[in-house]
Structure formats: C-alpha cells, structure tokens
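Trainee: my_file.pdb is reproduced below (PDB, C-alpha atoms).
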ATOM      1  CA  MET A   1     -19.733 -27.673  26.159
ATOM      2  CA  GLN A   2     -18.700 -25.179  28.849
ATOM      3  CA  SER A   3     -19.937 -21.626  29.098
ATOM      4  CA  THR A   4     -19.145 -18.489  31.044
ATOM      5  CA  ALA A   5     -20.544 -14.991  30.759
ATOM      6  CA  ASN A   6     -17.922 -14.137  28.128
ATOM      7  CA  LEU A   7     -16.884 -17.419  26.519
ATOM      8  CA  THR A   8     -18.420 -20.650  25.252
ATOM      9  CA  VAL A   9     -15.954 -23.553  24.957
ATOM     10  CA  LEU A  10     -16.982 -26.379  22.608
ATOM     11  CA  SER A  11     -15.857 -29.970  22.922
ATOM     12  CA  ASP A  12     -13.391 -31.518  20.472
ATOM     13  CA  THR A  13     -16.233 -33.237  18.596
ATOM     14  CA  THR A  14     -18.362 -30.115  18.208
ATOM     15  CA  THR A  15     -18.003 -28.039  15.056
ATOM     16  CA  LEU A  16     -17.492 -24.327  15.636
ATOM     17  CA  PRO A  17     -20.472 -22.606  13.983
ATOM     18  CA  ALA A  18     -20.027 -20.028  11.257
ATOM     19  CA  PRO A  19     -20.542 -16.375  12.245
ATOM     20  CA  ALA A  20     -23.865 -14.738  11.463
ATOM     21  CA  ARG A  21     -23.953 -11.817   9.035
ATOM     22  CA  ALA A  22     -24.361  -9.392  11.938
ATOM     23  CA  ASP A  23     -21.103 -10.745  13.437
ATOM     24  CA  LEU A  24     -19.259  -9.857  10.235
ATOM     25  CA  LEU A  25     -20.706  -6.345  10.018
ATOM     26  CA  ALA A  26     -19.481  -4.662  13.167
ATOM     27  CA  PRO A  27     -20.567  -1.005  13.259
ATOM     28  CA  ASP A  28     -17.971   1.357  11.855
ATOM     29  CA  ARG A  29     -16.461   4.068  13.984
ATOM     30  CA  PRO A  30     -16.342   7.516  12.418
ATOM     31  CA  ALA A  31     -12.990   8.170  10.724
ATOM     32  CA  LEU A  32     -12.132  11.842  11.171
ATOM     33  CA  ILE A  33     -10.010  13.837   8.758
ATOM     34  CA  GLY A  34      -6.908  15.412  10.248
ATOM     35  CA  PRO A  35      -3.849  17.473   9.262
ATOM     36  CA  LEU A  36      -1.661  15.982   6.514
ATOM     37  CA  ASP A  37      -4.208  13.315   5.590
ATOM     38  CA  VAL A  38      -4.626  12.685   1.857
ATOM     39  CA  ILE A  39      -8.224  12.660   0.599
ATOM     40  CA  GLN A  40      -9.877  12.005  -2.749
ATOM     41  CA  VAL A  41     -12.636  14.438  -3.725
ATOM     42  CA  GLU A  42     -14.971  13.497  -6.583
ATOM     43  CA  VAL A  43     -17.953  15.347  -8.008
ATOM     44  CA  VAL A  44     -20.300  13.037  -9.875
ATOM     45  CA  ASN A  45     -20.634  13.987 -13.562
ATOM     46  CA  ILE A  46     -17.905  16.657 -13.252
ATOM     47  CA  PRO A  47     -14.691  14.646 -13.767
ATOM     48  CA  ASP A  48     -12.538  17.771 -14.160
ATOM     49  CA  PHE A  49     -13.251  18.674 -10.564
ATOM     50  CA  SER A  50     -12.144  15.342  -9.113
ATOM     51  CA  ARG A  51      -8.728  15.440  -7.479
ATOM     52  CA  GLU A  52      -6.500  14.147  -4.711
ATOM     53  CA  VAL A  53      -5.808  16.718  -2.007
ATOM     54  CA  GLN A  54      -3.568  16.750   1.038
ATOM     55  CA  VAL A  55      -4.915  18.479   4.122
ATOM     56  CA  ASP A  56      -2.482  21.163   5.257
ATOM     57  CA  SER A  57      -0.958  21.339   8.729
ATOM     58  CA  SER A  58      -3.776  23.560   9.958
ATOM     59  CA  GLY A  59      -6.457  21.153   8.750
ATOM     60  CA  ARG A  60      -7.605  23.059   5.637
ATOM     61  CA  ILE A  61      -7.954  22.195   1.954
ATOM     62  CA  ALA A  62      -8.348  24.425  -1.120
ATOM     63  CA  LEU A  63     -10.599  23.489  -4.062
ATOM     64  CA  PRO A  64     -11.707  25.264  -7.270
ATOM     65  CA  LEU A  65     -15.051  27.106  -6.935
ATOM     66  CA  VAL A  66     -14.991  26.245  -3.229
ATOM     67  CA  GLY A  67     -11.963  28.089  -1.929
ATOM     68  CA  THR A  68     -10.347  27.180   1.383
ATOM     69  CA  ILE A  69     -12.403  25.150   3.832
ATOM     70  CA  ASP A  70     -11.676  23.542   7.177
ATOM     71  CA  ALA A  71     -11.628  19.733   6.872
ATOM     72  CA  ARG A  72     -10.184  18.933  10.281
ATOM     73  CA  GLY A  73     -12.388  16.865  12.562
ATOM     74  CA  LYS A  74     -14.957  16.088   9.870
ATOM     75  CA  THR A  75     -15.952  12.685   8.528
ATOM     76  CA  SER A  76     -15.829  12.069   4.775
ATOM     77  CA  GLU A  77     -19.607  12.460   4.583
ATOM     78  CA  GLU A  78     -19.586  15.725   6.534
ATOM     79  CA  LEU A  79     -16.861  17.222   4.359
ATOM     80  CA  ALA A  80     -18.725  16.139   1.203
ATOM     81  CA  LYS A  81     -21.827  18.034   2.410
ATOM     82  CA  VAL A  82     -19.771  21.181   3.064
ATOM     83  CA  ILE A  83     -18.313  21.009  -0.447
ATOM     84  CA  GLU A  84     -21.766  20.478  -1.964
ATOM     85  CA  VAL A  85     -23.104  23.604  -0.223
ATOM     86  CA  ALA A  86     -20.124  25.651  -1.448
ATOM     87  CA  LEU A  87     -20.603  24.418  -5.020
ATOM     88  CA  ARG A  88     -24.315  25.273  -4.956
ATOM     89  CA  ASP A  89     -23.397  28.751  -3.754
ATOM     90  CA  ASN A  90     -21.239  29.005  -6.887
ATOM     91  CA  TYR A  91     -24.056  28.033  -9.268
ATOM     92  CA  VAL A  92     -23.245  24.335  -9.655
ATOM     93  CA  ARG A  93     -26.618  22.597 -10.025
ATOM     94  CA  GLN A  94     -27.330  19.678  -7.715
ATOM     95  CA  PRO A  95     -23.714  18.723  -7.027
ATOM     96  CA  GLU A  96     -23.104  15.235  -5.675
ATOM     97  CA  VAL A  97     -19.765  14.968  -3.887
ATOM     98  CA  VAL A  98     -17.945  11.852  -2.684
ATOM     99  CA  VAL A  99     -14.949  12.134  -0.336
ATOM    100  CA  ASN A 100     -12.657   9.247   0.577
ATOM    101  CA  ILE A 101      -9.687   9.206   2.937
ATOM    102  CA  LYS A 102      -6.819   7.674   0.967
ATOM    103  CA  THR A 103      -4.019   8.039   3.488
ATOM    104  CA  SER A 104      -4.440   8.951   7.145
ATOM    105  CA  VAL A 105      -1.548  10.040   9.320
ATOM    106  CA  SER A 106      -3.776  11.513  12.002
ATOM    107  CA  GLN A 107      -5.791   8.378  12.837
ATOM    108  CA  VAL A 108      -3.067   6.431  14.616
ATOM    109  CA  VAL A 109      -2.440   4.664  17.901
ATOM    110  CA  THR A 110       0.915   4.807  19.699
ATOM    111  CA  VAL A 111       2.274   1.445  20.892
ATOM    112  CA  ASP A 112       5.148   1.502  23.384
ATOM    113  CA  GLY A 113       6.843  -0.722  25.922
ATOM    114  CA  GLN A 114       7.527  -4.439  25.583
ATOM    115  CA  VAL A 115       6.359  -5.111  22.032
ATOM    116  CA  GLN A 116       8.546  -6.245  19.161
ATOM    117  CA  GLN A 117       8.096  -3.079  17.092
ATOM    118  CA  PRO A 118       6.980   0.006  19.060
ATOM    119  CA  GLY A 119       5.651   2.832  16.940
ATOM    120  CA  LEU A 120       2.621   4.518  15.393
ATOM    121  CA  TYR A 121      -0.002   2.309  13.748
ATOM    122  CA  PRO A 122      -3.072   3.264  11.679
ATOM    123  CA  VAL A 123      -6.410   2.785  13.419
ATOM    124  CA  THR A 124      -9.011   0.877  11.434
ATOM    125  CA  ASN A 125     -12.720   0.980  12.175
ATOM    126  CA  GLN A 126     -12.764  -2.108  14.403
ATOM    127  CA  MET A 127      -9.291  -1.918  15.953
ATOM    128  CA  THR A 128      -8.914  -3.694  19.315
ATOM    129  CA  LEU A 129      -6.103  -4.130  21.814
ATOM    130  CA  MET A 130      -5.190  -7.575  20.451
ATOM    131  CA  HIS A 131      -5.117  -6.181  16.902
ATOM    132  CA  VAL A 132      -2.757  -3.418  18.042
ATOM    133  CA  ILE A 133      -0.418  -5.882  19.761
ATOM    134  CA  ALA A 134      -0.387  -8.024  16.610
ATOM    135  CA  SER A 135       0.364  -4.944  14.461
ATOM    136  CA  ALA A 136       3.400  -4.314  16.680
ATOM    137  CA  ARG A 137       4.546  -7.897  15.948
ATOM    138  CA  GLY A 138       3.527  -9.246  19.347
ATOM    139  CA  LEU A 139       4.969  -9.108  22.851
ATOM    140  CA  THR A 140       8.636  -9.430  23.756
ATOM    141  CA  GLU A 141       9.906 -12.142  26.095
ATOM    142  CA  PHE A 142      10.010  -9.585  28.925
ATOM    143  CA  ALA A 143       6.433  -8.351  28.482
ATOM    144  CA  ARG A 144       4.194  -8.407  31.529
ATOM    145  CA  GLN A 145       0.867  -9.616  30.191
ATOM    146  CA  ASP A 146      -1.145  -8.390  33.175
ATOM    147  CA  ASP A 147       0.267  -4.858  32.921
ATOM    148  CA  VAL A 148      -1.012  -3.446  29.624
ATOM    149  CA  VAL A 149      -2.320   0.121  29.813
ATOM    150  CA  ILE A 150      -4.453   2.083  27.352
ATOM    151  CA  LEU A 151      -4.162   5.849  27.846
ATOM    152  CA  ARG A 152      -7.003   7.927  26.387
ATOM    153  CA  THR A 153      -8.401  11.455  26.563
ATOM    154  CA  VAL A 154     -12.197  11.593  26.999
ATOM    155  CA  ASN A 155     -13.878  15.020  27.006
ATOM    156  CA  GLY A 156     -10.555  16.611  27.912
ATOM    157  CA  GLN A 157      -9.993  14.207  30.817
ATOM    158  CA  ARG A 158      -6.958  11.932  30.750
ATOM    159  CA  MET A 159      -7.949   8.340  31.531
ATOM    160  CA  ALA A 160      -6.159   4.995  31.770
ATOM    161  CA  GLY A 161      -7.387   1.403  31.615
ATOM    162  CA  LEU A 162      -5.357  -1.580  32.855
ATOM    163  CA  TYR A 163      -5.729  -4.865  30.945
ATOM    164  CA  ASN A 164      -4.470  -8.433  31.106
ATOM    165  CA  ILE A 165      -3.563  -9.857  27.685
ATOM    166  CA  GLY A 166      -3.485 -13.406  29.036
ATOM    167  CA  ALA A 167      -7.009 -13.053  30.443
ATOM    168  CA  ILE A 168      -8.281 -11.650  27.135
ATOM    169  CA  ARG A 169      -6.754 -14.596  25.264
ATOM    170  CA  ARG A 170      -8.508 -17.009  27.632
ATOM    171  CA  GLY A 171     -11.832 -15.234  27.059
ATOM    172  CA  VAL A 172     -12.177 -14.032  30.648
ATOM    173  CA  TYR A 173     -13.330 -10.670  29.292
ATOM    174  CA  GLY A 174     -13.692  -8.969  25.925
ATOM    175  CA  ASP A 175     -10.986  -7.496  23.744
ATOM    176  CA  PRO A 176     -11.253  -3.715  24.367
ATOM    177  CA  ALA A 177     -11.654  -1.285  21.487
ATOM    178  CA  VAL A 178      -8.776   1.046  20.616
ATOM    179  CA  TYR A 179      -9.299   4.494  19.094
ATOM    180  CA  ALA A 180      -7.229   7.149  17.340
ATOM    181  CA  ASN A 181      -4.802   9.001  19.638
ATOM    182  CA  ASP A 182      -4.800   6.170  22.202
ATOM    183  CA  ILE A 183      -1.452   5.197  23.713
ATOM    184  CA  VAL A 184      -0.893   1.506  24.486
ATOM    185  CA  VAL A 185       1.952   0.695  26.874
ATOM    186  CA  VAL A 186       3.012  -2.897  27.604
ATOM    187  CA  GLY A 187       4.742  -3.260  30.965
ATOM    188  CA  ASP A 188       8.091  -4.878  31.690
ATOM    189  CA  SER A 189       8.547  -7.998  33.829
ATOM    190  CA  PRO A 190      11.597  -7.713  36.141
ATOM    191  CA  GLN A 191      11.112 -11.361  37.121
ATOM    192  CA  ARG A 192      11.557 -12.515  33.529
ATOM    193  CA  ARG A 193      14.708 -10.432  33.175
ATOM    194  CA  LEU A 194      16.075 -11.847  36.431
ATOM    195  CA  PHE A 195      15.375 -15.392  35.269
ATOM    196  CA  ARG A 196      17.141 -14.691  31.967
ATOM    197  CA  ASP A 197      20.173 -13.320  33.823
ATOM    198  CA  ILE A 198      20.294 -16.371  36.109
ATOM    199  CA  ILE A 199      20.175 -18.759  33.169
ATOM    200  CA  ALA A 200      22.801 -16.740  31.312
ATOM    201  CA  SER A 201      25.179 -16.887  34.302
ATOM    202  CA  ALA A 202      24.536 -20.569  35.075
ATOM    203  CA  PRO A 203      27.509 -21.936  33.019
ATOM    204  CA  LEU A 204      29.872 -19.665  34.960
ATOM    205  CA  ILE A 205      28.583 -21.087  38.240
ATOM    206  CA  VAL A 206      28.606 -24.744  37.198
ATOM    207  CA  ALA A 207      32.027 -24.763  35.496
ATOM    208  CA  PRO A 208      34.160 -24.582  38.693
ATOM    209  CA  LEU A 209      32.136 -27.414  40.245
ATOM    210  CA  VAL A 210      32.846 -29.631  37.268
ATOM    211  CA  THR A 211      36.549 -28.876  37.572
ATOM    212  CA  ILE A 212      36.627 -29.790  41.285
ATOM    213  CA  LEU A 213      34.813 -33.092  40.706
ATOM    214  CA  ARG A 214      37.430 -34.094  38.170
TER     215      ARG A 214
END
Taking this structure as input, can you express it in the form of structure tokens?

Mentor:
Amino acid sequence: MQSTANLTVLSDTTTLPAPARADLLAPDRPALIGPLDVIQVEVVNIPDFSREVQVDSSGRIALPLVGTIDARGKTSEELAKVIEVALRDNYVRQPEVVVNIKTSVSQVVTVDGQVQQPGLYPVTNQMTLMHVIASARGLTEFARQDDVVILRTVNGQRMAGLYNIGAIRRGVYGDPAVYANDIVVVGDSPQRRLFRDIIASAPLIVAPLVTILR
C-alpha cells in the first residue's frame, strides 16, 4: 500500500473498502431560487392551495392569500417561511408550507473550450470539476489538461483558479467544487493540433519518395 497526503493506493490483492455513511452524505450546498425557475408550493392539509409556479423574470411569484413576494436568492426553506408568515397574516391557522425546486434554469455552470459539448449545465449539490467535464461529454483530443480554469465571482470580486485535470485524476490533489454561475474553460493544445496536422500531411510527403524508389 502506498500513501500520499491526498491519495492511498492499494495493492492488487487488497480489497477497496466500502465508503462509510459519512462519505455518502456529503453536506448539501444551498440551492437558491432564481428567475424563471419552476417551484412546487404545498400547504399541508390545504390541498387547494398547492400549485406549481414559475418565478418571473424579476424573481417574484404570486400566490392566493399571499400576493406577490420576492423569491429570488432564497432557499426553498426560506421561501416556505415567508409564505407561512404571509398566510398567518391572512388568518390561516398554523400553516405548514413545503417548497421544492422542480426545474432550475438559474443554478447552472457554463462549460466552454475544448470539451465535447460546451454549454450550460445544471449544478447539483455536490458538483465538482470532474463532474462538470463528464457532463460536457469529456475533453476533446485538443484539450490541454493542465490548462483548465474556473472563473468565479466572490463578494463582487472576479477570481480564477487554474487546475490540472490529469493531476486530479492521479489523485495529486482534490477535485475542486463547482458552484452556480461558475465558468469552466478548458484550454487548447497547439502542440496536439500541430501533431495532427503533421500526421495528416505525412502521406503527401512519403508518396513522392515511394515513386522515386520504384
């Protein structure tokens, strides 16, 4: 068995142990409601109130007895509490509200550069860089594995982190977390393109030599 600070490598005869329960229950990240998301609102014991609602472009929803409220930037639990307060103010006794995000178009990561399918991908609670690359169907043949950038805004400050996919796969360091609104850009390898061009032109170079030898 070999070990480093980030990786333990077992021998061929050693069985990989099963994960502990704590390994399977990674802490959730808060999923925030945003414009055009679709949410399900249910009031326990008041089935007529339950409904599916789409958040408008300004981040608001309208509900009976509640009126128009701002849902943008709230978690499901926070929005449920706001609705409960509004219902109590309208003489609904001890309302119990459950809110679920059914479809989220605001919680996405942008993947660009040398991946098979660039685009916008939903962010789940434990999304990592390797998960994002897999969602984009993997790297292209021209991808530069040591030039993968995550762009992120933190407290209004634009930040960038440079990562090496090959090193992550080897366990040199951990797979970094990815959050909503991140932009992942996979760099291009000019050397790989040059090699491809050389191979592609090789028959044109060899053909005259074959003719001369004949």

Trainee: How many Å lie between CA of Val108 in chain A and CA of Glu78 in chain A, rounded to one decimal?

Mentor: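 Separating CA of Val108 in chain A from CA of Glu78 in chain A is a distance of 20.6 Å.
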
Trainee: Considering only C-alpha atoms, state which residue in the set A:Val109, A:Met130, A:Ala86, A:Leu65 is at the smallest distance from Gly174 in chain A.

Mentor: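 Among A:Val109, A:Met130, A:Ala86, A:Leu65, it is A:Met130 that comes nearest to Gly174 in chain A.
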
Trainee: Extract, using only C-alpha atoms, all DNA, RNA and protein residues at most 10 Å from Tyr163 in chain A, discarding same-chain residues fewer than 4 positions from it, and format them as a PDB file with C-alpha atoms, in the frame of the given file.

Mentor:
ATOM      1  CA  LEU A 129      -6.103  -4.130  21.814  1.00  0.00           C
ATOM      2  CA  GLN A 145       0.867  -9.616  30.191  1.00  0.00           C
ATOM      3  CA  ASP A 146      -1.145  -8.390  33.175  1.00  0.00           C
ATOM      4  CA  ASP A 147       0.267  -4.858  32.921  1.00  0.00           C
ATOM      5  CA  VAL A 148      -1.012  -3.446  29.624  1.00  0.00           C
ATOM      6  CA  VAL A 149      -2.320   0.121  29.813  1.00  0.00           C
ATOM      7  CA  ILE A 150      -4.453   2.083  27.352  1.00  0.00           C
ATOM      8  CA  ALA A 167      -7.009 -13.053  30.443  1.00  0.00           C
ATOM      9  CA  ILE A 168      -8.281 -11.650  27.135  1.00  0.00           C
ATOM     10  CA  TYR A 173     -13.330 -10.670  29.292  1.00  0.00           C
ATOM     11  CA  ASP A 175     -10.986  -7.496  23.744  1.00  0.00           C
ATOM     12  CA  PRO A 176     -11.253  -3.715  24.367  1.00  0.00           C
ATOM     13  CA  VAL A 186       3.012  -2.897  27.604  1.00  0.00           C
TER      14      VAL A 186
END

Trainee: What is the distance, in Å and to one decimal place, between CA of Ile133 in chain A and CA of Val115 in chain A?

Mentor: 7.2 Å

Trainee: List the residues sitting within 12 Å of (7.4, 1.0, 16.4) in the file's frame, using all atoms listed in the file, as a tab-separated table (two decimals) with C-alpha atoms, in the coordinates of the input.

Mentor:
chain	number	residue	atom	x	y	z
A	108	VAL	CA	-3.07	6.43	14.62
A	109	VAL	CA	-2.44	4.66	17.90
A	110	THR	CA	0.92	4.81	19.70
A	111	VAL	CA	2.27	1.44	20.89
A	112	ASP	CA	5.15	1.50	23.38
A	113	GLY	CA	6.84	-0.72	25.92
A	114	GLN	CA	7.53	-4.44	25.58
A	115	VAL	CA	6.36	-5.11	22.03
A	116	GLN	CA	8.55	-6.24	19.16
A	117	GLN	CA	8.10	-3.08	17.09
A	118	PRO	CA	6.98	0.01	19.06
A	119	GLY	CA	5.65	2.83	16.94
A	120	LEU	CA	2.62	4.52	15.39
A	121	TYR	CA	0.00	2.31	13.75
A	122	PRO	CA	-3.07	3.26	11.68
A	132	VAL	CA	-2.76	-3.42	18.04
A	133	ILE	CA	-0.42	-5.88	19.76
A	134	ALA	CA	-0.39	-8.02	16.61
A	135	SER	CA	0.36	-4.94	14.46
A	136	ALA	CA	3.40	-4.31	16.68
A	137	ARG	CA	4.55	-7.90	15.95
A	138	GLY	CA	3.53	-9.25	19.35
A	184	VAL	CA	-0.89	1.51	24.49
A	185	VAL	CA	1.95	0.70	26.87

Trainee: Excluding Lys102 in chain A and any residue of its chain fewer than 4 positions from it, enumerate the residues within 10 Å of it, using all atoms listed in the file, and give them as JSON, numbers by chain.

Mentor: {"A": [37, 38, 39, 40, 52, 53, 54]}

Trainee: For the file shown, report as number ranges by chain the outcome of the PyMOL selection byres ((chain A and resi 87) around 10) at residue level.

Mentor: A: 43, 64-67, 81-86, 88-97

Trainee: What would the selection look like, as a compact mmCIF listing (two decimals) with C-alpha atoms, in the coordinates of the input, if the PyMOL selection byres ((chain A and resi 36) around 10) were run on the coordinates I just shared?

Mentor:
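out-v3.txt was written with the following content:
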# COMPACT_ATOMS: atom_id res chain seq x y z
CA ILE A 33 -10.01 13.84 8.76
CA GLY A 34 -6.91 15.41 10.25
CA PRO A 35 -3.85 17.47 9.26
CA ASP A 37 -4.21 13.32 5.59
CA VAL A 38 -4.63 12.68 1.86
CA ILE A 39 -8.22 12.66 0.60
CA VAL A 53 -5.81 16.72 -2.01
CA GLN A 54 -3.57 16.75 1.04
CA VAL A 55 -4.92 18.48 4.12
CA ASP A 56 -2.48 21.16 5.26
CA SER A 57 -0.96 21.34 8.73
CA SER A 58 -3.78 23.56 9.96
CA GLY A 59 -6.46 21.15 8.75
CA ARG A 60 -7.60 23.06 5.64
CA ILE A 61 -7.95 22.20 1.95
CA ARG A 72 -10.18 18.93 10.28
CA THR A 103 -4.02 8.04 3.49
CA SER A 104 -4.44 8.95 7.14
CA VAL A 105 -1.55 10.04 9.32
CA SER A 106 -3.78 11.51 12.00

Trainee: Counting all atoms listed in the file, which residues sit no farther than 12 Å from the position (-9.6, 12.0, 25.1) in the file's frame? I'd like them as a VMD selection string.

Mentor: chain A and resid 150 to 160 178 to 183

Trainee: Can you tell me how far CA of His131 in chain A sits from CA of Val172 in chain A, in Å to one decimal?

Mentor: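 Between CA of His131 in chain A and CA of Val172 in chain A the gap works out to 17.3 Å.
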
Trainee: Nearest to Pro30 in chain A among A:Ala62, A:Ala80, A:Leu139, A:Val123, with distances taken over all atoms listed in the file: which residue is it?

Mentor: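 Of all the options, A:Val123 lies closest to Pro30 in chain A.
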
Trainee: For the structure provided, state which residues fall under the PyMOL selection byres ((chain A and resi 50) around 10), and present them as a PDB file with C-alpha atoms, in the coordinates of the input.

Mentor:
ATOM      1  CA  GLN A  40      -9.877  12.005  -2.749  1.00  0.00           C
ATOM      2  CA  VAL A  41     -12.636  14.438  -3.725  1.00  0.00           C
ATOM      3  CA  GLU A  42     -14.971  13.497  -6.583  1.00  0.00           C
ATOM      4  CA  VAL A  43     -17.953  15.347  -8.008  1.00  0.00           C
ATOM      5  CA  VAL A  44     -20.300  13.037  -9.875  1.00  0.00           C
ATOM      6  CA  ASN A  45     -20.634  13.987 -13.562  1.00  0.00           C
ATOM      7  CA  ILE A  46     -17.905  16.657 -13.252  1.00  0.00           C
ATOM      8  CA  PRO A  47     -14.691  14.646 -13.767  1.00  0.00           C
ATOM      9  CA  ASP A  48     -12.538  17.771 -14.160  1.00  0.00           C
ATOM     10  CA  PHE A  49     -13.251  18.674 -10.564  1.00  0.00           C
ATOM     11  CA  ARG A  51      -8.728  15.440  -7.479  1.00  0.00           C
ATOM     12  CA  GLU A  52      -6.500  14.147  -4.711  1.00  0.00           C
ATOM     13  CA  VAL A  53      -5.808  16.718  -2.007  1.00  0.00           C
ATOM     14  CA  LEU A  63     -10.599  23.489  -4.062  1.00  0.00           C
ATOM     15  CA  VAL A  97     -19.765  14.968  -3.887  1.00  0.00           C
ATOM     16  CA  VAL A  98     -17.945  11.852  -2.684  1.00  0.00           C
ATOM     17  CA  VAL A  99     -14.949  12.134  -0.336  1.00  0.00           C
TER      18      VAL A  99
END

Trainee: Nearest residue to Pro190 in chain A out of A:Leu32, A:Glu141, A:Thr8, A:Glu77, using only C-alpha atoms?

Mentor: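 Using only C-alpha atoms, Pro190 in chain A sits closest to A:Glu141.
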
Trainee: Check the smallest atom-to-atom distance from each of A:Ile165, A:Arg21, A:Gly171, A:Ser189 to Ala143 in chain A using only C-alpha atoms, then report the winner.

Mentor: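 The shortest atom-to-atom distance to Ala143 in chain A comes from A:Ser189.
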
Trainee: Could you check the closest approach to Arg29 in chain A for each of A:Gly166, A:Gln126, A:Gly161, A:Ala177 and tell me which residue wins, using only C-alpha atoms?

Mentor: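 Result for the nearest residue to Arg29 in chain A: A:Gln126.
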